[in-house]
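Listing of input-v4.cif; format and content: mmCIF, C-alpha atoms.
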```cif
data_my_file
#
loop_
_atom_site.label_atom_id
_atom_site.label_comp_id
_atom_site.auth_asym_id
_atom_site.auth_seq_id
_atom_site.Cartn_x
_atom_site.Cartn_y
_atom_site.Cartn_z
CA MET A 1 93.49 -122.11 -91.41
CA ILE A 2 90.87 -121.21 -88.79
CA VAL A 3 87.26 -121.33 -89.94
CA MET A 4 84.81 -119.28 -87.88
CA LYS A 5 81.09 -119.79 -87.81
CA LYS A 6 78.89 -116.79 -88.54
CA GLU A 7 77.75 -116.71 -84.88
CA GLN A 8 81.36 -116.31 -83.74
CA ILE A 9 82.03 -113.41 -86.09
CA THR A 10 78.88 -111.46 -85.29
CA ASN A 11 78.81 -112.15 -81.55
CA SER A 12 77.11 -109.18 -79.90
CA HIS A 13 79.59 -109.34 -77.02
CA CYS A 14 82.52 -108.70 -79.33
CA PRO A 15 83.28 -105.07 -80.32
CA ILE A 16 84.24 -106.08 -83.86
CA GLY A 17 81.11 -108.23 -84.02
CA ILE A 18 78.94 -105.26 -83.05
CA PHE A 19 80.43 -103.16 -85.84
CA SER A 20 80.18 -105.93 -88.42
CA ARG A 21 76.56 -106.65 -87.47
CA ILE A 22 75.59 -103.03 -88.18
CA PHE A 23 77.83 -102.52 -91.22
CA ASN A 24 77.16 -105.93 -92.72
CA ASP A 25 77.23 -104.92 -96.37
CA ARG A 26 79.04 -102.63 -98.77
CA TRP A 27 76.50 -99.79 -98.83
CA LYS A 28 76.03 -98.62 -95.25
CA LEU A 29 79.47 -97.07 -94.80
CA TYR A 30 79.07 -95.26 -98.13
CA ILE A 31 75.71 -93.89 -96.99
CA VAL A 32 77.13 -92.67 -93.67
CA PHE A 33 80.14 -91.16 -95.48
CA ASN A 34 77.84 -89.18 -97.77
CA ILE A 35 75.70 -87.73 -94.99
CA MET A 36 78.38 -87.13 -92.37
CA ASP A 37 78.98 -83.50 -93.43
CA SER A 38 75.37 -82.51 -94.10
CA LYS A 39 71.86 -83.89 -94.22
CA LYS A 40 70.80 -85.26 -97.57
CA ARG A 41 67.45 -85.75 -99.23
CA PHE A 42 66.55 -89.17 -100.56
CA LYS A 43 66.75 -87.98 -104.18
CA VAL A 44 70.28 -86.63 -103.66
CA LEU A 45 71.36 -89.98 -102.23
CA CYS A 46 69.73 -91.76 -105.18
CA ASP A 47 71.74 -89.56 -107.55
CA ILE A 48 74.99 -90.34 -105.71
CA PHE A 49 74.54 -94.10 -105.93
CA ASN A 50 72.85 -94.29 -109.34
CA PRO A 51 73.16 -96.70 -111.21
CA HIS A 52 74.97 -98.94 -108.69
CA MET A 53 72.19 -99.16 -106.11
CA THR A 54 68.44 -99.28 -106.65
CA GLN A 55 66.08 -96.92 -104.82
CA LYS A 56 64.59 -99.93 -103.04
CA THR A 57 68.00 -101.03 -101.75
CA LEU A 58 68.79 -97.48 -100.64
CA SER A 59 65.47 -97.27 -98.83
CA VAL A 60 66.11 -100.59 -97.04
CA LYS A 61 69.65 -99.58 -96.02
CA LEU A 62 68.47 -96.19 -94.72
CA LYS A 63 65.78 -97.91 -92.66
CA GLU A 64 68.31 -100.38 -91.22
CA LEU A 65 70.70 -97.56 -90.27
CA GLU A 66 67.80 -95.68 -88.70
CA GLU A 67 66.82 -98.77 -86.67
CA GLU A 68 70.41 -99.02 -85.41
CA GLY A 69 70.35 -95.38 -84.27
CA ILE A 70 73.07 -94.33 -86.74
CA ILE A 71 70.96 -91.99 -88.86
CA ALA A 72 67.79 -89.99 -88.30
CA ARG A 73 65.02 -89.40 -90.78
CA GLU A 74 63.51 -85.94 -90.54
CA VAL A 75 60.16 -85.27 -92.20
CA TYR A 76 59.18 -81.66 -92.83
CA ALA A 77 55.51 -80.67 -92.89
CA GLU A 78 55.59 -79.22 -96.38
CA VAL A 79 53.81 -79.85 -99.65
CA PRO A 80 55.31 -81.79 -101.27
CA PRO A 81 56.75 -83.56 -98.23
CA ARG A 82 60.48 -83.19 -97.70
CA VAL A 83 62.53 -85.89 -95.99
CA GLU A 84 66.18 -85.52 -95.02
CA TYR A 85 68.63 -88.01 -93.56
CA GLY A 86 71.38 -87.03 -91.14
CA LEU A 87 73.57 -88.58 -88.49
CA THR A 88 72.40 -89.06 -84.94
CA PRO A 89 74.82 -88.36 -82.07
CA ARG A 90 75.66 -92.08 -82.15
CA GLY A 91 76.28 -91.86 -85.88
CA GLN A 92 78.49 -88.80 -85.42
CA THR A 93 80.88 -90.89 -83.34
CA LEU A 94 81.71 -92.72 -86.60
CA ILE A 95 83.00 -89.58 -88.35
CA PRO A 96 86.65 -89.84 -87.21
CA ILE A 97 86.67 -93.56 -87.99
CA ILE A 98 85.27 -93.06 -91.48
CA LYS A 99 87.68 -90.19 -92.14
CA GLN A 100 90.56 -92.51 -91.18
CA ILE A 101 89.24 -95.24 -93.48
CA HIS A 102 88.94 -92.66 -96.28
CA ALA A 103 92.49 -91.40 -95.66
CA TRP A 104 93.87 -94.93 -95.62
CA GLY A 105 92.04 -95.80 -98.84
CA THR A 106 93.25 -92.61 -100.51
CA ALA A 107 96.84 -93.48 -99.62
CA GLN A 108 96.39 -97.01 -100.98
CA TYR A 109 94.50 -96.33 -104.20
CA LYS A 110 97.68 -96.20 -106.32
CA ASP A 111 98.08 -99.92 -105.61
CA PHE A 112 94.64 -100.38 -107.18
CA GLU A 113 95.59 -98.79 -110.50
CA GLY A 114 94.70 -95.31 -109.25
CA ASN A 115 91.11 -95.71 -110.39
CA LEU A 116 88.55 -93.89 -108.26
CA SER A 117 85.88 -93.96 -110.97
CA HIS A 118 83.49 -95.94 -108.78
CA CYS A 119 83.88 -93.71 -105.74
CA PHE A 120 80.44 -92.97 -104.33
CA VAL A 121 81.17 -89.46 -103.15
CA LYS A 122 79.21 -86.46 -104.29
CA LYS A 123 80.34 -82.96 -103.51
CA ASP A 124 77.61 -80.59 -102.31
#
```
Re-express the file's structure as structure tokens.
Amino acid sequence: MIVMKKEQITNSHCPIGIFSRIFNDRWKLYIVFNIMDSKKRFKVLCDIFNPHMTQKTLSVKLKELEEEGIIAREVYAEVPPRVEYGLTPRGQTLIPIIKQIHAWGTAQYKDFEGNLSHCFVKKD
């Protein structure tokens, strides 16, 4: 068995390492999946992930994705203020990849007792 150090796995000169550095937890792909078809307000995203993710965790993950250039935060000059999250052009390049992951998972879910009860997908 080969044991790799964390530095080897997340090496910034490795394409897989670049992806795994950005998507280094379970929530970021779910967030991107849920905003890839349309911008979403913070409250809508909270509703999608409730009760599995706290608002603080969601806020941190959104900020990290924004820092990576995957999503954009748009603030509207309204009272009360309105903030929406959507994909940047860089983030939009992930759409075909995420659709393929979703298709693969859909084809495999029967092997996992056919239970999609914890699927974090909200229809608009």
Expand the PyMOL selection byres ((chain A and resi 78-91) around 8) into the individual residues it matches in the shown file, reporting them as a list of chain:residue names.
-> A:Val32, A:Ile35, A:Met36, A:Ser38, A:Lys39, A:Lys40, A:Arg41, A:Phe42, A:Gly69, A:Ile70, A:Ile71, A:Ala72, A:Arg73, A:Glu74, A:Val75, A:Tyr76, A:Ala77, A:Gln92, A:Thr93, A:Leu94, A:Ile95
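The space between CA of Glu64 in chain A and CA of Lys28 in chain A spans 8.9 Å.
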Excluding same-chain residues fewer than 4 positions from Phe33 in chain A, what lies within 9 Å of it counting all atoms listed in the file, as number ranges by chain?
-> A: 28-29, 37, 95, 98-99, 102, 121
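With CA of Ile22 in chain A on one side and CA of Leu65 in chain A on the other, the separation reads 7.6 Å.
One finds CA of His52 in chain A at 23.5 Å from CA of Glu67 in chain A.
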Can you pull out every residue within 12 Å of range 53-57 of chain A, counting all atoms listed in the file, but drop anything in the same chain fewer than 4 positions away, and send it as a list in words?
-> Asp25, Arg26, Trp27, Lys28, Tyr30, Ile31, Phe42, Lys43, Val44, Leu45, Cys46, Asp47, Ile48, Phe49, Lys61, Leu62, Lys63, Glu64 and Phe120 of chain A
Kindly save the residues from that selection, with C-alpha atoms included, as an mmCIF file, in the frame of the given file.
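After the write, result-v4.cif holds the following:
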```cif
data_model
loop_
_atom_site.group_PDB
_atom_site.id
_atom_site.type_symbol
_atom_site.label_atom_id
_atom_site.label_comp_id
_atom_site.auth_asym_id
_atom_site.auth_seq_id
_atom_site.Cartn_x
_atom_site.Cartn_y
_atom_site.Cartn_z
ATOM 1 C CA ASP A 25 77.230 -104.920 -96.370
ATOM 2 C CA ARG A 26 79.040 -102.630 -98.770
ATOM 3 C CA TRP A 27 76.500 -99.790 -98.830
ATOM 4 C CA LYS A 28 76.030 -98.620 -95.250
ATOM 5 C CA TYR A 30 79.070 -95.260 -98.130
ATOM 6 C CA ILE A 31 75.710 -93.890 -96.990
ATOM 7 C CA PHE A 42 66.550 -89.170 -100.560
ATOM 8 C CA LYS A 43 66.750 -87.980 -104.180
ATOM 9 C CA VAL A 44 70.280 -86.630 -103.660
ATOM 10 C CA LEU A 45 71.360 -89.980 -102.230
ATOM 11 C CA CYS A 46 69.730 -91.760 -105.180
ATOM 12 C CA ASP A 47 71.740 -89.560 -107.550
ATOM 13 C CA ILE A 48 74.990 -90.340 -105.710
ATOM 14 C CA PHE A 49 74.540 -94.100 -105.930
ATOM 15 C CA LYS A 61 69.650 -99.580 -96.020
ATOM 16 C CA LEU A 62 68.470 -96.190 -94.720
ATOM 17 C CA LYS A 63 65.780 -97.910 -92.660
ATOM 18 C CA GLU A 64 68.310 -100.380 -91.220
ATOM 19 C CA PHE A 120 80.440 -92.970 -104.330
#
```
